[in-house]
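So this one's model_28.cif, mmCIF, C-alpha atoms:
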data_data
#
loop_
_atom_site.label_atom_id
_atom_site.label_comp_id
_atom_site.auth_asym_id
_atom_site.auth_seq_id
_atom_site.Cartn_x
_atom_site.Cartn_y
_atom_site.Cartn_z
CA MET X 1 -18.23 -5.14 -1.10
CA PRO X 2 -21.90 -4.96 -0.04
CA GLN X 3 -22.70 -2.69 2.88
CA LYS X 4 -23.12 -4.55 6.18
CA ASP X 5 -25.62 -3.49 8.78
CA VAL X 6 -22.87 -3.27 11.40
CA ARG X 7 -21.49 -0.07 12.88
CA VAL X 8 -17.94 0.07 14.14
CA LEU X 9 -16.48 2.87 16.25
CA VAL X 10 -12.73 3.45 16.02
CA VAL X 11 -11.06 5.37 18.86
CA ASP X 12 -7.43 6.34 18.30
CA ASP X 13 -5.57 9.60 18.81
CA ASP X 14 -3.32 8.93 15.81
CA ALA X 15 -5.07 10.38 12.75
CA GLY X 16 -3.14 8.05 10.44
CA VAL X 17 -4.22 4.92 12.32
CA ARG X 18 -7.81 6.20 12.45
CA ARG X 19 -7.88 6.84 8.74
CA ALA X 20 -6.26 3.51 7.88
CA LEU X 21 -8.79 1.61 9.97
CA GLN X 22 -11.63 3.65 8.51
CA ILE X 23 -10.54 2.80 4.96
CA ARG X 24 -10.04 -0.92 5.67
CA LEU X 25 -13.30 -1.34 7.56
CA SER X 26 -15.34 0.69 5.07
CA ALA X 27 -13.86 -1.36 2.22
CA ALA X 28 -15.03 -4.48 4.08
CA GLY X 29 -18.57 -3.08 4.14
CA TYR X 30 -18.77 -1.82 7.72
CA GLN X 31 -20.25 1.54 8.67
CA VAL X 32 -17.42 3.31 10.47
CA ASP X 33 -17.22 6.28 12.82
CA ALA X 34 -13.82 7.40 14.04
CA VAL X 35 -13.00 9.65 17.00
CA SER X 36 -9.79 10.65 18.74
CA CYS X 37 -10.50 10.64 22.49
CA GLY X 38 -12.58 9.28 25.34
CA PRO X 39 -15.21 12.03 25.63
CA GLU X 40 -15.89 11.87 21.90
CA ALA X 41 -16.14 8.08 22.08
CA LEU X 42 -18.62 8.19 24.97
CA ALA X 43 -20.71 10.84 23.21
CA ALA X 44 -20.77 8.79 19.99
CA CYS X 45 -21.83 5.65 21.88
CA ALA X 46 -24.52 7.50 23.82
CA ALA X 47 -25.94 8.95 20.61
CA SER X 48 -25.89 5.71 18.66
CA PRO X 49 -24.20 2.64 20.14
CA PRO X 50 -22.05 0.70 17.66
CA GLN X 51 -21.95 -3.11 17.61
CA VAL X 52 -18.16 -3.04 17.82
CA ALA X 53 -15.72 -0.53 19.35
CA ILE X 54 -12.02 -0.66 18.55
CA LEU X 55 -10.13 1.16 21.29
CA ASP X 56 -6.50 2.13 21.34
CA VAL X 57 -5.27 1.62 24.90
CA SER X 58 -2.84 4.52 25.00
CA LEU X 59 -4.82 7.74 24.67
CA PRO X 60 -4.35 11.18 26.21
CA GLY X 61 -6.74 11.84 29.10
CA MET X 62 -8.95 8.77 29.46
CA ASP X 63 -7.14 5.67 28.29
CA GLY X 64 -8.81 2.80 26.46
CA TYR X 65 -9.48 0.83 29.66
CA GLN X 66 -11.21 3.80 31.29
CA ILE X 67 -13.33 4.37 28.18
CA CYS X 68 -14.38 0.75 28.24
CA GLU X 69 -15.29 0.89 31.94
CA ARG X 70 -17.41 4.01 31.34
CA LEU X 71 -19.07 2.41 28.33
CA ARG X 72 -20.04 -0.61 30.39
CA GLU X 73 -21.48 1.68 33.09
CA THR X 74 -23.39 3.98 30.78
CA VAL X 75 -24.44 2.00 27.70
CA ASP X 76 -26.78 -0.98 27.96
CA ASP X 77 -26.20 -2.22 24.42
CA PRO X 78 -23.84 -5.18 24.11
CA ILE X 79 -20.92 -3.47 22.38
CA VAL X 80 -18.06 -5.83 21.54
CA VAL X 81 -14.87 -4.06 22.63
CA ILE X 82 -11.59 -4.88 20.90
CA PHE X 83 -8.44 -3.24 22.28
CA LEU X 84 -5.38 -2.45 20.22
CA THR X 85 -2.45 -2.39 22.63
CA GLY X 86 1.07 -1.09 22.22
CA THR X 87 3.76 -3.39 23.53
CA THR X 88 4.69 -1.02 26.34
CA HIS X 89 1.14 -1.32 27.61
CA ALA X 90 0.75 -4.99 27.01
CA GLY X 91 3.23 -6.57 29.43
CA THR X 92 2.72 -10.32 29.68
CA THR X 93 -0.17 -12.23 28.20
CA ALA X 94 -1.65 -12.97 31.62
CA CYS X 95 -1.35 -9.32 32.70
CA SER X 96 -2.93 -8.06 29.49
CA GLU X 97 -5.83 -10.50 29.66
CA ARG X 98 -6.48 -9.45 33.26
CA LEU X 99 -6.50 -5.74 32.38
CA ILE X 100 -8.82 -6.30 29.43
CA SER X 101 -11.17 -8.42 31.47
CA GLN X 102 -11.21 -6.01 34.44
CA SER X 103 -12.18 -3.11 32.23
CA GLY X 104 -15.00 -5.11 30.63
CA GLY X 105 -13.26 -5.57 27.29
CA ASP X 106 -13.69 -8.61 25.09
CA TYR X 107 -10.62 -9.06 22.89
CA TYR X 108 -7.25 -7.50 22.26
CA LEU X 109 -4.61 -7.45 19.59
CA ALA X 110 -1.09 -6.31 20.40
CA LYS X 111 0.58 -4.02 17.88
CA PRO X 112 1.76 -4.52 15.25
CA TYR X 113 -1.54 -6.28 14.61
CA ASP X 114 -2.54 -8.27 11.56
CA PRO X 115 -5.19 -6.20 9.70
CA GLY X 116 -6.61 -9.34 8.11
CA LEU X 117 -7.00 -10.93 11.53
CA LEU X 118 -8.77 -7.82 12.87
CA LEU X 119 -11.27 -7.87 10.00
CA GLU X 120 -11.98 -11.57 10.46
CA LEU X 121 -12.31 -11.10 14.21
CA ILE X 122 -14.93 -8.38 13.69
CA ASP X 123 -16.71 -10.55 11.16
CA GLU X 124 -16.70 -13.42 13.65
CA VAL X 125 -17.89 -11.48 16.70
CA VAL X 126 -20.81 -9.83 14.94
CA GLN X 127 -22.12 -13.24 13.85
CA PRO X 128 -24.99 -14.47 16.01
CA SER X 129 -23.03 -17.68 16.65
CA ALA X 130 -19.91 -15.92 17.96
CA THR X 131 -17.92 -18.13 20.33
CA PRO X 132 -18.33 -17.25 24.01
CA ARG X 133 -15.32 -16.32 26.14
CA VAL X 134 -13.22 -19.37 27.06
CA MET R 1 -27.53 -39.68 7.23
CA GLU R 2 -24.38 -38.00 8.57
CA THR R 3 -22.84 -40.44 11.04
CA ARG R 4 -19.24 -39.23 10.93
CA MET R 5 -17.75 -38.63 14.39
CA LYS R 6 -16.00 -35.28 14.64
CA ARG R 7 -12.64 -35.77 16.33
CA LYS R 8 -10.88 -33.09 18.33
CA SER R 9 -8.75 -30.74 16.29
CA LEU R 10 -5.03 -31.33 16.73
CA VAL R 11 -2.93 -28.17 16.88
CA LEU R 12 0.83 -28.11 16.35
CA VAL R 13 2.46 -25.48 18.57
CA ALA R 14 6.10 -24.56 17.93
CA ASP R 15 7.93 -22.08 20.14
CA ASP R 16 11.44 -22.22 21.56
CA ASP R 17 10.29 -20.54 24.77
CA ARG R 18 9.09 -23.39 26.95
CA ALA R 19 6.92 -21.14 29.12
CA VAL R 20 5.12 -19.70 26.09
CA ARG R 21 4.71 -23.19 24.60
CA GLU R 22 3.26 -24.65 27.78
CA ALA R 23 0.96 -21.70 28.47
CA LEU R 24 -0.39 -21.79 24.93
CA ALA R 25 -0.82 -25.56 24.97
CA SER R 26 -2.67 -25.34 28.25
CA ARG R 27 -4.98 -22.64 26.89
CA LEU R 28 -5.73 -24.64 23.76
CA VAL R 29 -6.42 -27.85 25.69
CA GLN R 30 -8.73 -25.90 27.97
CA ALA R 31 -10.58 -24.72 24.84
CA GLY R 32 -11.04 -28.31 23.64
CA PHE R 33 -8.12 -28.79 21.25
CA GLU R 34 -5.53 -31.54 21.31
CA VAL R 35 -1.99 -30.19 21.15
CA VAL R 36 1.43 -31.43 20.08
CA SER R 37 4.32 -29.09 20.70
CA ALA R 38 7.87 -28.57 19.50
CA GLY R 39 10.73 -26.34 20.64
CA ASP R 40 12.46 -25.92 17.28
CA PRO R 41 11.60 -25.92 13.55
CA SER R 42 12.95 -29.38 12.68
CA SER R 43 10.99 -31.02 15.52
CA ALA R 44 7.92 -29.11 14.32
CA ILE R 45 8.35 -30.51 10.81
CA GLU R 46 8.78 -34.03 12.19
CA LEU R 47 5.59 -33.66 14.23
CA PHE R 48 3.75 -32.29 11.21
CA LYS R 49 4.79 -35.34 9.18
CA SER R 50 4.00 -37.89 11.87
CA ARG R 51 0.85 -36.43 13.45
CA ARG R 52 -0.81 -34.51 10.59
CA PRO R 53 -2.24 -31.69 12.72
CA THR R 54 -5.41 -29.77 11.85
CA ALA R 55 -3.72 -26.39 12.38
CA ALA R 56 -0.36 -24.94 13.38
CA ILE R 57 0.73 -22.02 15.55
CA LEU R 58 4.38 -21.22 14.88
CA ASP R 59 6.76 -18.85 16.60
CA ILE R 60 8.77 -16.96 13.99
CA GLN R 61 12.24 -16.78 15.54
CA MET R 62 13.46 -20.18 16.68
CA PRO R 63 16.90 -21.78 16.85
CA GLY R 64 18.22 -23.25 13.62
CA SER R 65 15.56 -21.95 11.30
CA ASP R 66 12.23 -20.17 11.77
CA GLY R 67 8.46 -20.53 11.66
CA PHE R 68 8.34 -19.30 8.07
CA ALA R 69 10.43 -22.30 6.98
CA VAL R 70 8.06 -24.66 8.80
CA CYS R 71 5.10 -23.07 7.03
CA GLU R 72 6.88 -23.33 3.67
CA TYR R 73 7.40 -27.04 4.32
CA ILE R 74 3.74 -27.49 5.24
CA ARG R 75 2.55 -25.77 2.06
CA LYS R 76 5.05 -27.58 -0.18
CA SER R 77 3.65 -30.84 1.20
CA GLY R 78 0.27 -29.80 -0.26
CA SER R 79 -1.37 -29.20 3.11
CA ARG R 80 -3.80 -26.28 3.44
CA ILE R 81 -4.18 -26.38 7.22
CA PRO R 82 -4.52 -22.99 8.93
CA VAL R 83 -1.12 -21.64 9.97
CA PHE R 84 -0.84 -18.78 12.45
CA PHE R 85 2.45 -17.10 13.32
CA LEU R 86 3.12 -16.01 16.85
CA THR R 87 5.64 -13.21 16.94
CA GLY R 88 7.47 -11.16 19.54
CA ALA R 89 7.17 -7.42 19.15
CA ASN R 90 10.93 -6.98 18.80
CA GLU R 91 11.63 -9.16 15.83
CA GLY R 92 13.72 -6.48 14.12
CA VAL R 93 13.51 -6.34 10.39
CA VAL R 94 10.41 -8.52 10.04
CA ARG R 95 8.28 -6.30 12.28
CA ASN R 96 7.17 -3.98 9.49
CA HIS R 97 6.71 -6.75 6.97
CA LEU R 98 4.82 -9.34 8.95
CA ARG R 99 1.72 -9.34 6.76
CA ALA R 100 3.71 -9.55 3.53
CA LEU R 101 5.93 -12.34 4.88
CA THR R 102 2.91 -14.24 6.20
CA ASP R 103 1.35 -14.07 2.72
CA ALA R 104 4.62 -14.98 1.01
CA VAL R 105 4.91 -18.32 2.81
CA GLY R 106 1.18 -19.08 2.66
CA GLY R 107 0.38 -18.40 6.32
CA ASN R 108 -3.09 -17.32 7.41
CA HIS R 109 -2.48 -14.77 10.15
CA PHE R 110 0.12 -13.43 12.52
CA VAL R 111 -0.50 -12.68 16.18
CA THR R 112 1.82 -10.42 18.15
CA LYS R 113 2.85 -11.38 21.69
CA PRO R 114 1.56 -10.88 24.28
CA TYR R 115 -1.33 -12.58 22.55
CA ASP R 116 -4.95 -12.68 23.69
CA GLY R 117 -5.82 -16.34 24.26
CA LYS R 118 -9.49 -15.67 23.60
CA THR R 119 -8.81 -14.02 20.24
CA LEU R 120 -6.46 -16.82 19.26
CA VAL R 121 -8.97 -19.55 20.14
CA VAL R 122 -11.85 -17.83 18.34
CA MET R 123 -9.81 -17.24 15.20
CA LEU R 124 -8.29 -20.71 15.25
CA ARG R 125 -11.74 -22.31 15.44
CA ARG R 126 -12.95 -20.13 12.60
CA ALA R 127 -9.94 -20.98 10.43
CA ILE R 128 -10.31 -24.72 11.12
CA GLU R 129 -14.02 -24.61 10.26
CA GLU R 130 -13.27 -22.78 7.00
CA SER R 131 -10.50 -25.22 6.23
CA ASP R 132 -12.87 -28.16 6.88
CA SER R 133 -15.48 -26.69 4.54
CA ASP R 134 -12.79 -26.17 1.86
CA VAL R 135 -11.94 -29.87 2.09
CA THR R 136 -15.64 -30.79 1.91
CA GLU R 137 -16.12 -28.56 -1.13
CA ASP R 138 -13.05 -30.08 -2.79
CA THR R 139 -14.35 -33.57 -2.07
CA GLN R 140 -17.80 -32.70 -3.44
CA ARG R 141 -16.26 -31.12 -6.54
CA LEU R 142 -14.14 -34.22 -7.13
CA SER R 143 -17.06 -36.58 -6.66
CA THR R 144 -19.09 -34.48 -9.13
CA VAL R 145 -16.24 -34.67 -11.67
CA ASN R 146 -15.88 -38.40 -11.16
#
Once more with this new file: its structure as structure tokens, please.
Amino acid sequence: MPQKDVRVLVVDDDAGVRRALQIRLSAAGYQVDAVSCGPEALAACAASPPQVAILDVSLPGMDGYQICERLRETVDDPIVVIFLTGTTHAGTTACSERLISQSGGDYYLAKPYDPGLLLELIDEVVQPSATPRV
Amino acid sequence: METRMKRKSLVLVADDDRAVREALASRLVQAGFEVVSAGDPSSAIELFKSRRPTAAILDIQMPGSDGFAVCEYIRKSGSRIPVFFLTGANEGVVRNHLRALTDAVGGNHFVTKPYDGKTLVVMLRRAIEESDSDVTEDTQRLSTVN
């Protein structure tokens, strides 16, 4: 797979999930950084903002929503934020969409998520013609 | 010159939960799709046969049969329309095998509830566009052969 000029930041406290995402995304040609918590994520974005950030919602300390809010406050670059939510966090569709939107997030996938769908979603949102929010 | 009018994409939605069905249909209509909906697998198959939708979003667990069976019917009919599965998080034994089962019946993707309407719309549009270009390529290939 040719290397793509797209950087993706993965934020998840589960080392297994981090590694799995890193392998899948790297195999798809993306440049991937992976960190385990909010402060590391904010530092990584301040140093070199990625085009896409994949945030687990349930994290110790700052949760995914709080990380996203801080990113929107502190980073000017248009990072596309995709949340991965556990079912206990997700609640109803309407509730989840509201939480994502309030924190400044763009998309979410509830777990267990389809890895193929995640890859295609990233591919779609980094295209210049990506569909605006409906 | 290309004069073909592009008609709205027709999406078949099948879910036995009326609230989910109506909320999804409303979201898709808002995004510019036409929708036909069914509350069980056999009605979904009947709608597929009579309306020939452009794409299908199928709940997995429904009374009588399931979304996998509907997808199997669609593929056996020769149709390559995009098929997405919508699944609850507590679907027992299938939970850990969703990707493999989706592949086994020829589905495109699965989306776990509660689903993100925006993600679903974006991915549905993408799948329909790819499916349209597959048909165009097939048509071009056939016309070249003939």
With only C-alpha atoms as the counted atoms, please give the residues lying no more than 10 Å from Leu55 (chain X), apart from itself and same-chain residues fewer than 5 positions off, as a ChimeraX atom specification.
/X:9-13,35-38,41,63-65,67-68,81-85,105,108
Restricting the calculation to all atoms listed in the file: of X:Asp114, X:Val125, X:Asp76, X:Leu119, which residue gets closest to chain R?
X:Asp114
Would you please work out which residue, of R:Arg52, R:Ser65, R:Arg27, R:Asp132, is nearest to chain X when using all atoms listed in the file?
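Ranked by minimum distance to chain X, first place goes to R:Arg27.
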Which residues come within 7 Å of Gln51 (chain X), counting only C-alpha atoms, excluding same-chain residues fewer than 6 positions away, as a compact mmCIF listing (two decimals) with C-alpha atoms, in the coordinates of the input?
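What follows is the written file result-v6.txt:
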# COMPACT_ATOMS: atom_id res chain seq x y z
CA VAL X 6 -22.87 -3.27 11.40
CA ARG X 7 -21.49 -0.07 12.88
CA VAL X 8 -17.94 0.07 14.14
CA ILE X 79 -20.92 -3.47 22.38
CA VAL X 80 -18.06 -5.83 21.54
Using all atoms listed in the file, find the one residue out of X:Ile100, X:Met62, X:Leu109, X:Ala28 that sits nearest to Asp123 (chain X).
X:Ala28
